[in-house]
>>> print(open('my_file-v6.txt').read())   # compact mmCIF, C-alpha atoms and all ligand atoms
# COMPACT_ATOMS: atom_id res chain seq x y z
CA MET A 6 -70.06 42.23 -17.96
CA ALA A 7 -71.42 44.19 -15.00
CA THR A 8 -70.69 42.76 -11.57
CA ILE A 9 -73.18 42.35 -8.75
CA THR A 10 -73.54 45.94 -7.63
CA GLU A 11 -73.09 47.46 -11.11
CA ALA A 12 -76.36 46.14 -12.50
CA PRO A 13 -79.06 48.31 -10.91
CA ALA A 14 -82.57 48.01 -12.34
CA PRO A 15 -82.43 50.34 -15.36
CA GLU A 16 -84.66 53.41 -15.26
CA LEU A 17 -86.55 54.33 -18.43
CA GLY A 18 -84.32 56.85 -20.27
CA SER A 19 -84.83 57.31 -23.97
CA ALA A 20 -88.39 56.65 -25.09
CA VAL A 21 -87.28 56.13 -28.67
CA PRO A 22 -89.45 53.26 -29.96
CA VAL A 23 -87.58 50.21 -31.31
CA ALA A 24 -88.48 49.49 -34.93
CA ALA A 25 -90.08 46.07 -35.52
CA GLU A 26 -87.15 44.87 -37.64
CA GLN A 27 -84.70 45.77 -34.82
CA LEU A 28 -86.58 44.01 -32.01
CA ASP A 29 -84.94 40.61 -32.39
CA ARG A 30 -81.39 41.96 -32.35
CA ILE A 31 -82.00 44.35 -29.46
CA VAL A 32 -83.69 41.65 -27.37
CA ARG A 33 -80.75 39.31 -27.98
CA ASP A 34 -78.23 42.03 -27.15
CA GLU A 35 -80.03 43.02 -23.94
CA LEU A 36 -80.35 39.36 -22.88
CA GLN A 37 -76.64 38.91 -23.54
CA ASP A 38 -75.73 42.05 -21.57
CA THR A 39 -77.90 41.34 -18.50
CA PRO A 40 -75.95 39.64 -15.69
CA ILE A 41 -78.36 36.94 -14.50
CA ILE A 42 -78.96 35.86 -10.90
CA ASP A 43 -79.09 32.03 -10.94
CA MET A 44 -81.56 31.50 -8.10
CA HIS A 45 -81.31 27.72 -7.61
CA THR A 46 -78.18 25.62 -8.07
CA HIS A 47 -76.26 22.85 -6.34
CA LEU A 48 -72.99 24.74 -6.65
CA PHE A 49 -70.91 25.58 -3.61
CA MET A 50 -68.79 28.59 -2.65
CA PRO A 51 -65.01 27.93 -2.64
CA SER A 52 -64.81 27.72 1.18
CA LEU A 53 -67.03 24.60 1.05
CA GLY A 54 -64.16 22.84 -0.67
CA LYS A 55 -64.70 19.47 -2.32
CA LEU A 56 -68.47 19.78 -2.14
CA GLY A 57 -68.10 21.98 -5.21
CA LEU A 58 -67.97 19.86 -8.39
CA TRP A 59 -66.16 21.06 -11.51
CA GLY A 60 -64.18 19.74 -14.50
CA ILE A 61 -64.73 17.31 -17.35
CA ASP A 62 -65.14 14.12 -15.33
CA GLU A 63 -67.84 15.68 -13.15
CA LEU A 64 -69.52 17.19 -16.22
CA LEU A 65 -69.73 13.78 -17.88
CA THR A 66 -70.88 11.83 -14.80
CA TYR A 67 -73.85 14.23 -14.29
CA HIS A 68 -76.85 12.13 -13.34
CA TYR A 69 -78.75 13.33 -16.40
CA LEU A 70 -76.01 11.76 -18.60
CA GLU A 71 -75.78 8.61 -16.48
CA ALA A 72 -79.49 8.03 -17.14
CA GLU A 73 -78.81 8.40 -20.87
CA LEU A 74 -75.77 6.09 -20.71
CA PHE A 75 -77.85 3.23 -19.35
CA ARG A 76 -80.14 3.51 -22.38
CA PHE A 77 -77.29 3.10 -24.85
CA SER A 78 -74.66 1.02 -23.09
CA SER A 79 -74.55 -2.72 -22.44
CA VAL A 80 -72.83 -1.85 -19.15
CA LYS A 81 -75.32 -2.39 -16.34
CA PRO A 82 -75.62 0.08 -13.45
CA ALA A 83 -74.17 -2.38 -10.91
CA GLU A 84 -71.02 -2.69 -13.08
CA TYR A 85 -70.87 1.06 -13.75
CA TRP A 86 -70.81 1.85 -10.02
CA THR A 87 -67.67 -0.29 -9.60
CA LEU A 88 -65.76 2.02 -11.98
CA ASN A 89 -63.83 5.05 -10.71
CA LYS A 90 -64.85 8.58 -11.75
CA GLN A 91 -62.44 8.74 -14.74
CA GLN A 92 -63.48 5.31 -16.00
CA GLN A 93 -67.14 6.34 -15.72
CA ALA A 94 -66.44 9.56 -17.65
CA ASP A 95 -64.51 7.69 -20.33
CA LEU A 96 -67.41 5.26 -20.76
CA ILE A 97 -69.98 8.07 -21.02
CA TRP A 98 -67.82 10.03 -23.45
CA ARG A 99 -67.28 6.96 -25.66
CA THR A 100 -70.92 5.87 -25.55
CA LEU A 101 -72.82 9.16 -25.85
CA PHE A 102 -70.28 11.37 -27.66
CA VAL A 103 -68.26 9.03 -29.93
CA GLU A 104 -70.36 5.95 -30.67
CA ASN A 105 -73.51 8.12 -30.73
CA THR A 106 -74.21 11.77 -31.55
CA PRO A 107 -74.65 14.07 -28.51
CA VAL A 108 -78.00 15.62 -29.47
CA SER A 109 -79.75 15.49 -26.07
CA GLU A 110 -79.92 18.73 -24.01
CA ALA A 111 -77.46 17.47 -21.40
CA ALA A 112 -75.02 15.94 -23.90
CA ARG A 113 -75.09 18.97 -26.19
CA GLY A 114 -74.41 21.02 -23.06
CA VAL A 115 -71.05 19.36 -22.53
CA ILE A 116 -70.14 20.18 -26.12
CA ALA A 117 -71.15 23.81 -25.55
CA VAL A 118 -68.94 23.99 -22.44
CA LEU A 119 -65.90 22.51 -24.21
CA SER A 120 -66.42 24.90 -27.12
CA ALA A 121 -66.82 27.94 -24.84
CA LEU A 122 -63.53 27.00 -23.11
CA GLY A 123 -61.76 26.73 -26.47
CA LEU A 124 -61.39 22.94 -26.29
CA GLU A 125 -61.92 20.45 -29.12
CA THR A 126 -65.38 18.92 -29.12
CA ALA A 127 -65.01 15.87 -31.39
CA ARG A 128 -62.01 14.09 -29.90
CA THR A 129 -62.30 10.38 -29.20
CA ASP A 130 -60.63 10.79 -25.80
CA LEU A 131 -60.62 13.26 -22.89
CA SER A 132 -56.88 13.93 -22.62
CA GLN A 133 -57.02 17.55 -23.83
CA ALA A 134 -59.95 18.46 -21.58
CA ARG A 135 -58.37 16.81 -18.54
CA GLU A 136 -55.10 18.66 -19.20
CA TYR A 137 -57.02 21.98 -19.39
CA PHE A 138 -58.85 21.48 -16.10
CA ARG A 139 -55.71 20.25 -14.35
CA ASN A 140 -54.18 23.65 -15.11
CA GLN A 141 -57.06 25.67 -13.60
CA LYS A 142 -56.99 27.29 -10.15
CA LEU A 143 -60.49 27.08 -8.66
CA GLU A 144 -61.32 30.69 -7.74
CA PRO A 145 -60.15 32.39 -10.96
CA HIS A 146 -61.82 29.55 -12.87
CA ILE A 147 -65.12 30.23 -11.07
CA ARG A 148 -64.98 33.93 -11.97
CA HIS A 149 -64.12 33.05 -15.60
CA VAL A 150 -66.97 30.53 -15.86
CA PHE A 151 -69.46 33.04 -14.37
CA GLU A 152 -68.30 35.62 -16.95
CA LEU A 153 -68.75 33.11 -19.79
CA ALA A 154 -72.21 32.18 -18.46
CA GLY A 155 -73.25 35.83 -18.04
CA ILE A 156 -74.27 35.39 -14.41
CA SER A 157 -73.43 37.74 -11.55
CA GLU A 158 -74.18 35.32 -8.71
CA VAL A 159 -75.70 31.94 -7.89
CA VAL A 160 -77.87 30.64 -5.07
CA MET A 161 -76.65 27.44 -3.42
CA THR A 162 -78.47 24.48 -1.81
CA ASN A 163 -77.08 24.01 1.70
CA ASP A 164 -78.13 21.07 3.88
CA PRO A 165 -77.64 21.59 7.65
CA LEU A 166 -77.94 17.83 8.17
CA ASP A 167 -75.45 16.80 5.50
CA PRO A 168 -72.62 15.07 7.39
CA GLU A 169 -69.97 16.56 5.07
CA GLU A 170 -71.38 20.09 4.75
CA ALA A 171 -72.68 20.84 8.26
CA PRO A 172 -69.24 20.72 9.98
CA LEU A 173 -67.86 23.24 7.45
CA TRP A 174 -70.57 25.75 8.41
CA MET A 175 -70.11 24.99 12.12
CA LYS A 176 -66.42 25.90 11.72
CA GLY A 177 -67.39 29.11 9.92
CA ALA A 178 -67.19 28.78 6.11
CA ALA A 179 -66.03 32.01 4.49
CA PRO A 180 -68.88 33.66 2.54
CA ASP A 181 -68.49 34.59 -1.11
CA ARG A 182 -70.33 37.56 -2.68
CA GLN A 183 -71.21 35.50 -5.75
CA PHE A 184 -72.74 32.62 -3.78
CA HIS A 185 -75.90 33.01 -1.69
CA PRO A 186 -76.81 30.31 0.88
CA VAL A 187 -80.17 28.55 1.13
CA LEU A 188 -81.34 26.45 4.08
CA ARG A 189 -82.46 23.16 2.51
CA LEU A 190 -84.90 21.19 4.67
CA ASP A 191 -85.68 17.91 2.85
CA ARG A 192 -84.19 15.75 5.59
CA ILE A 193 -86.28 17.51 8.23
CA LEU A 194 -89.57 17.79 6.38
CA ASN A 195 -89.53 14.54 4.39
CA LYS A 196 -87.37 12.29 6.57
CA TRP A 197 -87.89 13.42 10.17
CA PRO A 198 -87.94 9.86 11.59
CA GLN A 199 -84.47 9.22 10.10
CA HIS A 200 -82.98 12.56 11.15
CA TRP A 201 -84.55 13.88 14.38
CA GLN A 202 -81.79 12.24 16.43
CA ILE A 203 -79.15 14.42 14.71
CA LEU A 204 -80.90 17.47 16.12
CA ALA A 205 -81.22 15.76 19.50
CA GLY A 206 -77.51 14.97 19.32
CA GLN A 207 -76.80 18.67 18.84
CA GLY A 208 -78.74 19.51 22.01
CA TYR A 209 -82.17 20.30 20.59
CA ARG A 210 -84.82 18.67 22.80
CA VAL A 211 -86.84 17.10 19.95
CA GLU A 212 -88.77 13.83 19.84
CA GLU A 213 -89.57 11.46 16.96
CA ASN A 214 -93.30 12.12 17.27
CA LEU A 215 -92.74 15.89 17.70
CA GLY A 216 -94.01 15.66 21.27
CA GLY A 217 -93.01 17.89 24.20
CA ASN A 218 -91.14 21.03 23.22
CA SER A 219 -90.11 19.67 19.79
CA VAL A 220 -91.66 22.39 17.65
CA ALA A 221 -90.03 25.19 19.64
CA GLU A 222 -86.73 23.31 19.50
CA VAL A 223 -86.98 22.91 15.68
CA ARG A 224 -87.54 26.66 15.48
CA ARG A 225 -84.45 27.17 17.66
CA PHE A 226 -82.52 24.88 15.27
CA LEU A 227 -83.73 26.92 12.28
CA ALA A 228 -82.85 30.17 14.05
CA ASP A 229 -79.36 28.91 14.83
CA TRP A 230 -78.80 27.91 11.20
CA TYR A 231 -80.30 31.16 9.97
CA GLY A 232 -77.74 32.98 12.05
CA ARG A 233 -74.93 30.72 10.81
CA MET A 234 -75.83 30.68 7.07
CA LYS A 235 -77.84 33.87 6.51
CA PRO A 236 -79.89 32.01 3.83
CA VAL A 237 -81.78 34.09 1.25
CA TYR A 238 -84.64 31.60 1.49
CA MET A 239 -85.47 28.18 2.96
CA ALA A 240 -86.25 25.34 0.53
CA CYS A 241 -87.61 21.83 0.22
CA SER A 242 -88.42 19.46 -2.61
CA LEU A 243 -91.69 17.56 -2.14
CA PRO A 244 -93.24 14.44 -3.65
CA ASP A 245 -96.10 14.44 -6.15
CA THR A 246 -98.25 13.10 -3.29
CA PHE A 247 -97.66 16.21 -1.12
CA GLU A 248 -100.83 17.45 0.57
CA TYR A 249 -101.45 20.46 2.80
CA PRO A 250 -102.98 20.65 5.31
CA GLU A 251 -101.93 17.15 6.28
CA ASP A 252 -102.13 15.37 9.63
CA SER A 253 -98.52 14.26 9.44
CA LEU A 254 -95.11 15.12 10.85
CA ARG A 255 -94.37 17.08 7.67
CA GLY A 256 -97.70 18.90 7.89
CA ARG A 257 -96.98 19.91 11.49
CA LEU A 258 -93.34 20.89 10.84
CA LEU A 259 -94.37 23.08 7.89
CA LYS A 260 -97.30 24.75 9.69
CA GLU A 261 -95.80 25.16 13.17
CA ALA A 262 -92.07 25.54 12.56
CA VAL A 263 -90.76 26.15 9.04
CA ILE A 264 -93.28 28.67 7.67
CA PRO A 265 -93.41 30.67 10.94
CA SER A 266 -89.58 30.74 10.96
CA CYS A 267 -89.51 32.10 7.40
CA GLY A 268 -91.89 34.80 8.60
CA GLU A 269 -89.70 35.52 11.63
CA PHE A 270 -86.66 36.07 9.37
CA ASN A 271 -88.68 37.65 6.54
CA ILE A 272 -87.42 35.24 3.91
CA PRO A 273 -89.44 33.16 1.41
CA LEU A 274 -89.96 29.42 1.49
CA SER A 275 -89.23 27.62 -1.78
CA LEU A 276 -91.35 24.54 -2.43
CA MET A 277 -90.40 22.34 -5.40
CA ILE A 278 -93.23 19.87 -5.84
CA GLY A 279 -93.80 16.77 -7.96
CA VAL A 280 -90.90 14.37 -7.50
CA ARG A 281 -91.43 10.63 -7.58
CA TYR A 282 -88.33 9.69 -5.61
CA GLN A 283 -86.18 6.70 -6.57
CA VAL A 284 -88.46 4.90 -9.00
CA ASN A 285 -85.28 3.12 -10.10
CA PRO A 286 -82.84 3.01 -7.15
CA ALA A 287 -80.31 1.03 -9.25
CA ILE A 288 -79.32 4.25 -11.04
CA ARG A 289 -79.05 6.27 -7.80
CA LEU A 290 -79.33 10.08 -8.23
CA ALA A 291 -80.70 9.51 -11.74
CA GLY A 292 -83.46 7.32 -10.32
CA ASP A 293 -86.08 10.00 -9.57
CA ALA A 294 -89.09 10.58 -11.82
CA VAL A 295 -92.05 12.98 -11.97
CA GLY A 296 -95.71 12.94 -10.95
CA LYS A 297 -98.63 15.37 -11.27
CA ALA A 298 -99.21 16.99 -7.88
CA ASN A 299 -102.37 18.29 -6.20
CA LEU A 300 -101.68 22.04 -6.23
CA ARG A 301 -104.53 22.72 -3.83
CA ALA A 302 -101.77 22.25 -1.26
CA VAL A 303 -100.18 25.45 -2.63
CA GLU A 304 -103.54 27.20 -2.57
CA HIS A 305 -104.14 26.24 1.09
CA ILE A 306 -100.63 27.35 2.12
CA CYS A 307 -100.94 30.75 0.37
CA VAL A 308 -104.37 31.33 1.93
CA GLU A 309 -103.26 30.31 5.44
CA PHE A 310 -100.03 32.34 5.35
CA PRO A 311 -100.78 35.57 3.44
CA GLU A 312 -97.87 37.37 5.14
CA ASN A 313 -95.35 34.74 4.02
CA ARG A 314 -93.74 34.61 0.57
CA PHE A 315 -93.47 31.40 -1.44
CA LEU A 316 -91.20 30.52 -4.35
CA ILE A 317 -92.93 27.66 -6.14
CA SER A 318 -91.69 25.35 -8.88
CA VAL A 319 -93.58 22.25 -9.96
CA LEU A 320 -92.09 19.34 -11.87
CA SER A 321 -95.00 18.09 -13.92
CA ARG A 322 -95.72 19.76 -17.24
CA GLU A 323 -99.39 19.07 -16.50
CA ASN A 324 -99.25 21.27 -13.38
CA GLN A 325 -97.91 24.38 -15.11
CA HIS A 326 -101.19 26.00 -16.15
CA GLU A 327 -102.63 25.58 -12.64
CA LEU A 328 -99.49 27.18 -11.17
CA CYS A 329 -99.96 30.17 -13.49
CA VAL A 330 -103.57 30.53 -12.39
CA TYR A 331 -102.59 30.33 -8.71
CA SER A 332 -99.94 32.99 -9.38
CA ARG A 333 -102.76 35.28 -10.51
CA LYS A 334 -104.61 34.61 -7.25
CA PHE A 335 -101.77 35.04 -4.77
CA GLY A 336 -99.31 37.96 -4.90
CA ASN A 337 -97.19 36.13 -2.30
CA LEU A 338 -96.56 33.26 -4.75
CA LEU A 339 -93.65 33.69 -7.16
CA PRO A 340 -93.42 30.90 -9.75
CA PHE A 341 -89.92 30.06 -10.89
CA GLY A 342 -87.99 27.99 -13.37
CA CYS A 343 -88.55 25.17 -15.82
CA TRP A 344 -87.30 22.59 -13.37
CA TRP A 345 -85.30 19.40 -14.12
CA PHE A 346 -87.27 17.35 -16.70
CA LEU A 347 -88.93 20.58 -17.89
CA ASN A 348 -85.64 22.25 -18.82
CA GLN A 349 -85.93 21.31 -22.49
CA PRO A 350 -86.35 24.09 -25.10
CA SER A 351 -89.67 22.71 -26.38
CA ILE A 352 -91.22 22.78 -22.89
CA VAL A 353 -89.48 25.97 -21.74
CA GLU A 354 -91.04 27.77 -24.70
CA GLU A 355 -94.55 26.54 -23.87
CA MET A 356 -94.24 27.35 -20.15
CA THR A 357 -92.65 30.78 -20.65
CA ARG A 358 -95.16 31.94 -23.26
CA GLU A 359 -98.01 30.78 -21.02
CA ARG A 360 -96.56 32.70 -18.07
CA ILE A 361 -96.06 35.94 -20.03
CA GLU A 362 -99.59 35.69 -21.44
CA MET A 363 -101.12 35.14 -17.98
CA ILE A 364 -98.92 37.07 -15.52
CA GLY A 365 -96.73 39.36 -17.63
CA PHE A 366 -93.13 39.59 -16.41
CA SER A 367 -94.01 38.77 -12.76
CA PHE A 368 -92.18 35.44 -12.60
CA ILE A 369 -88.64 34.01 -12.68
CA PRO A 370 -88.17 32.23 -16.03
CA GLN A 371 -85.32 29.91 -15.15
CA HIS A 372 -82.72 28.61 -12.76
CA SER A 373 -79.89 26.37 -13.88
CA ASP A 374 -80.06 23.69 -11.17
CA ALA A 375 -76.38 23.26 -12.03
CA ARG A 376 -74.56 20.59 -10.06
CA VAL A 377 -71.23 21.05 -11.81
CA LEU A 378 -69.73 24.55 -12.10
CA GLU A 379 -69.27 24.72 -15.87
CA GLN A 380 -72.90 23.66 -16.55
CA VAL A 381 -73.96 27.28 -16.01
CA ILE A 382 -72.26 28.09 -19.33
CA TYR A 383 -74.59 25.92 -21.39
CA LYS A 384 -77.70 26.24 -19.23
CA TRP A 385 -77.70 30.02 -19.51
CA ARG A 386 -76.69 30.00 -23.21
CA ASN A 387 -79.71 27.75 -23.84
CA THR A 388 -82.00 29.95 -21.75
CA ARG A 389 -80.97 33.11 -23.60
CA ARG A 390 -81.36 31.31 -26.95
CA THR A 391 -84.86 30.06 -26.03
CA MET A 392 -86.01 33.31 -24.39
CA ALA A 393 -85.03 35.70 -27.20
CA PRO A 394 -87.75 34.79 -29.73
CA ILE A 395 -90.35 34.55 -26.95
CA LEU A 396 -89.64 38.07 -25.71
CA THR A 397 -89.39 39.44 -29.26
CA ASN A 398 -92.80 37.91 -30.00
CA ALA A 399 -94.28 39.51 -26.88
CA TYR A 400 -93.06 42.96 -27.95
CA ARG A 401 -94.13 42.35 -31.56
CA LEU A 402 -97.67 41.49 -30.46
CA LEU A 403 -97.73 44.62 -28.28
CA ALA A 404 -96.66 46.75 -31.23
CA GLU A 405 -99.31 45.19 -33.44
CA ASP A 406 -101.86 46.10 -30.78
CA GLY A 407 -100.68 49.71 -30.76
CA ARG A 408 -97.82 50.17 -28.28
CA THR A 409 -94.11 50.25 -29.17
CA VAL A 410 -91.30 49.84 -26.60
CA SER A 411 -87.92 51.53 -26.18
CA ARG A 412 -84.62 49.75 -25.71
CA ASP A 413 -84.61 50.87 -22.07
CA GLU A 414 -88.01 49.28 -21.59
CA ILE A 415 -86.78 46.02 -23.10
CA ARG A 416 -83.78 46.12 -20.77
CA ARG A 417 -86.04 46.85 -17.79
CA GLY A 418 -88.21 43.82 -18.63
CA ILE A 419 -85.22 41.48 -18.92
CA HIS A 420 -83.77 42.81 -15.65
CA ARG A 421 -87.10 42.21 -13.97
CA LEU A 422 -87.28 38.60 -15.18
CA PHE A 423 -83.68 37.63 -14.44
CA ARG A 424 -82.73 39.89 -11.54
CA THR A 425 -85.18 42.30 -9.96
CA ASN A 426 -88.06 39.88 -9.29
CA PHE A 427 -85.73 37.66 -7.29
CA GLU A 428 -83.80 40.47 -5.61
CA ARG A 429 -87.00 42.07 -4.36
CA PHE A 430 -88.74 38.83 -3.36
CA VAL A 431 -85.85 37.70 -1.16
CA ASN A 432 -84.86 41.25 -0.23
CA LEU A 433 -81.38 40.40 -1.52
CA ARG A 434 -79.92 43.84 -1.17
CA GLY A 435 -81.60 44.49 2.20
CA GLY A 436 -83.88 47.37 3.01
CA HIS A 437 -87.60 47.15 2.33
CA GLU A 438 -89.98 44.67 3.93
CA ARG A 439 -91.45 42.48 1.19
CA HIS A 440 -94.91 40.94 1.07
CA SER A 441 -96.03 41.13 -2.55
CA ALA A 442 -94.58 38.94 -5.23
CA VAL A 443 -92.51 41.47 -7.11
O1 LIG A 501 -84.27 18.69 -5.42
C1 LIG A 501 -83.69 19.42 -6.25
O2 LIG A 501 -83.13 20.51 -5.96
C2 LIG A 501 -83.61 18.87 -7.67
O3 LIG A 501 -83.11 19.90 -8.51
C3 LIG A 501 -82.70 17.67 -7.68
O4 LIG A 501 -81.45 18.07 -7.15
C4 LIG A 501 -82.52 16.99 -9.03
O5 LIG A 501 -81.78 15.79 -8.83
C5 LIG A 501 -81.75 17.80 -10.03
O6 LIG A 501 -80.54 17.79 -10.07
N1 LIG A 501 -82.49 18.47 -10.89
O7 LIG A 501 -81.91 19.19 -11.87
ZN ZN A 502 -82.16 21.41 -7.58
>>> encode(input="my_file-v6.txt", output="structure tokens")
Amino acid sequence: MATITEAPAPELGSAVPVAAEQLDRIVRDELQDTPIIDMHTHLFMPSLGKLGLWGIDELLTYHYLEAELFRFSSVKPAEYWTLNKQQQADLIWRTLFVENTPVSEAARGVIAVLSALGLETARTDLSQAREYFRNQKLEPHIRHVFELAGISEVVMTNDPLDPEEAPLWMKGAAPDRQFHPVLRLDRILNKWPQHWQILAGQGYRVEENLGGNSVAEVRRFLADWYGRMKPVYMACSLPDTFEYPEDSLRGRLLKEAVIPSCGEFNIPLSLMIGVRYQVNPAIRLAGDAVGKANLRAVEHICVEFPENRFLISVLSRENQHELCVYSRKFGNLLPFGCWWFLNQPSIVEEMTRERIEMIGFSFIPQHSDARVLEQVIYKWRNTRRTMAPILTNAYRLLAEDGRTVSRDEIRRGIHRLFRTNFERFVNLRGGHERHSAV
């Protein structure tokens, strides 16, 4: 598997057309051989220590599986939270994997990880898996897992106001070539009243109502963290009720501080829109839901800031067609991923076909959103499995309409979808100024 610098965008070499009956195999092979850039995860580089989650107990206590547990188990959330991590994992394994069949996307994913690591998948207990992970050293395990997943690098989610993470960056966390930082701004944009005093405590002259020199001081905060983290983009998740323009603290922070700062550092802003936060707080991280958003907010932002670049992902299936249409209107909008509740093969297929039909290969099909290291193994296996027939169909339709493609052209298309679009949009390898989508 090629490493980061060994996977340049392929140039068109042989123009030998691929025969129709070979398309499926060649598409699968080229998907398998393309080292993917995973452009949004919650993984952490080794120097961020215990923030990085890995191993069987973390895999099983993933909030997607906790939500499923509470549908099957008589154990109530309040009781579950009194258990320790191993007891929680044992309960989830017994309930979802032994007493029931693990057919959901997240449950089947754990099976795929165990299988890929050569571990038994139908045991009634976790002793073998725990023994395996106890014997792993983190850094070689990371490289092995990335090889198994077929990814060359991942993009992190780094919160400058997280009380555990921020001090590690302040001390100077060692970078890692396979992990790219992102400046995550939810606490600033969505919860300014609860967090402005942290900035004030660090010497930034900010006020709760953004009075005085607050905006300039937020920009100084962003500049300081840009210098510390070197993020490839800034990011924020937003509720389904998000509006822009909006006469609110968030509206002012976006317009006057965050978007101008992204322009100053020539990096995109990622907006992930459509979350209904904590509809069931009893199940904690699993308690968020989804709502259809008003995407005119995206339209207004792209119109007002034509020199900025925006990575946009929306959570509601009902918003996807609108996002595709807006992508046709704004070259500075790059749609990405089948996010969270959309990352199910049936929906990924619908969204990806719609995107190819409307905007060709000028989008980023998927990110893993992995929270636990080994999840990238199943999330990228599933993506390759779902993408192959979709791409084959696109080339088959093209051939029926009179144009065949070469293997090099197929490889170029897959590189564009899973590497080049992102690399260019965030200027990952340095060099050119970027303003168009891809
Ligand atoms: O805000 C986000 O980045 C989301 O991806 C949330 O982290 C969500 O809880 C999640 O894990 N989605 O997969
Ligand atoms: Zn995420």
>>> residues_around(input="my_file-v6.txt", residues="A:Arg322", least_positions_apart="6", cutoff="10 Å", atoms="all atoms listed in the file", output="number ranges by chain")
A: 279, 295-297, 343-344, 346-347, 352-353, 355-356
>>> residues_around(input="my_file-v6.txt", residues="A:Trp98", least_positions_apart="6", cutoff="9 Å", atoms="all atoms listed in the file", output="MDAnalysis selection string")
chainID A and resid 65 104 129:131
>>> write_last_selection(input="my_file-v6.txt", atoms="C-alpha atoms", output="PDB file, keeping the file's coordinate frame")
ATOM      1  CA  LEU A  65     -69.730  13.780 -17.880  1.00  0.00           C
ATOM      2  CA  GLU A 104     -70.360   5.950 -30.670  1.00  0.00           C
ATOM      3  CA  THR A 129     -62.300  10.380 -29.200  1.00  0.00           C
ATOM      4  CA  ASP A 130     -60.630  10.790 -25.800  1.00  0.00           C
ATOM      5  CA  LEU A 131     -60.620  13.260 -22.890  1.00  0.00           C
TER       6      LEU A 131
END
>>> residues_around(input="my_file-v6.txt", residues="A:Leu422", least_positions_apart="6", cutoff="9 Å", atoms="all atoms listed in the file", output="number ranges by chain")
A: 366-371
>>> residues_near_ligand(input="my_file-v6.txt", ligand="ligand LIG 501 (chain A)", cutoff="9 Å", atoms="all atoms listed in the file", output="JSON, numbers by chain")
{"A": [45, 46, 47, 67, 68, 69, 162, 189, 191, 240, 241, 242, 243, 277, 280, 290, 291, 292, 293, 344, 345, 346, 348, 373, 374, 375, 376]}
>>> closest_residue(input="my_file-v6.txt", among="A:Pro22, A:Gly342, A:Gly435, A:Gly256", to="ligand ZN 502 (chain A)", atoms="only C-alpha atoms and all ligand atoms")
A:Gly342
>>> atom_distance(input="my_file-v6.txt", atom1="atom CA of A:Asn218", atom2="atom CA of A:Asn163")
25.9 Å
>>> closest_residue(input="my_file-v6.txt", among="A:Gln93, A:Thr409, A:Asn337, A:Ser321", to="A:Ala294", atoms="all atoms listed in the file")
A:Ser321
>>> atom_distance(input="my_file-v6.txt", atom1="atom CA of A:Arg401", atom2="atom CA of A:Phe423")
20.6 Å
>>> closest_residue(input="my_file-v6.txt", among="A:Ala117, A:Leu204, A:Leu276, A:Ala399", to="ligand ZN 502 (chain A)", atoms="only C-alpha atoms and all ligand atoms")
A:Leu276
>>> closest_residue(input="my_file-v6.txt", among="A:Ala72, A:Ser318, A:Pro286, A:His326", to="ligand ZN 502 (chain A)", atoms="all atoms listed in the file")
A:Ser318
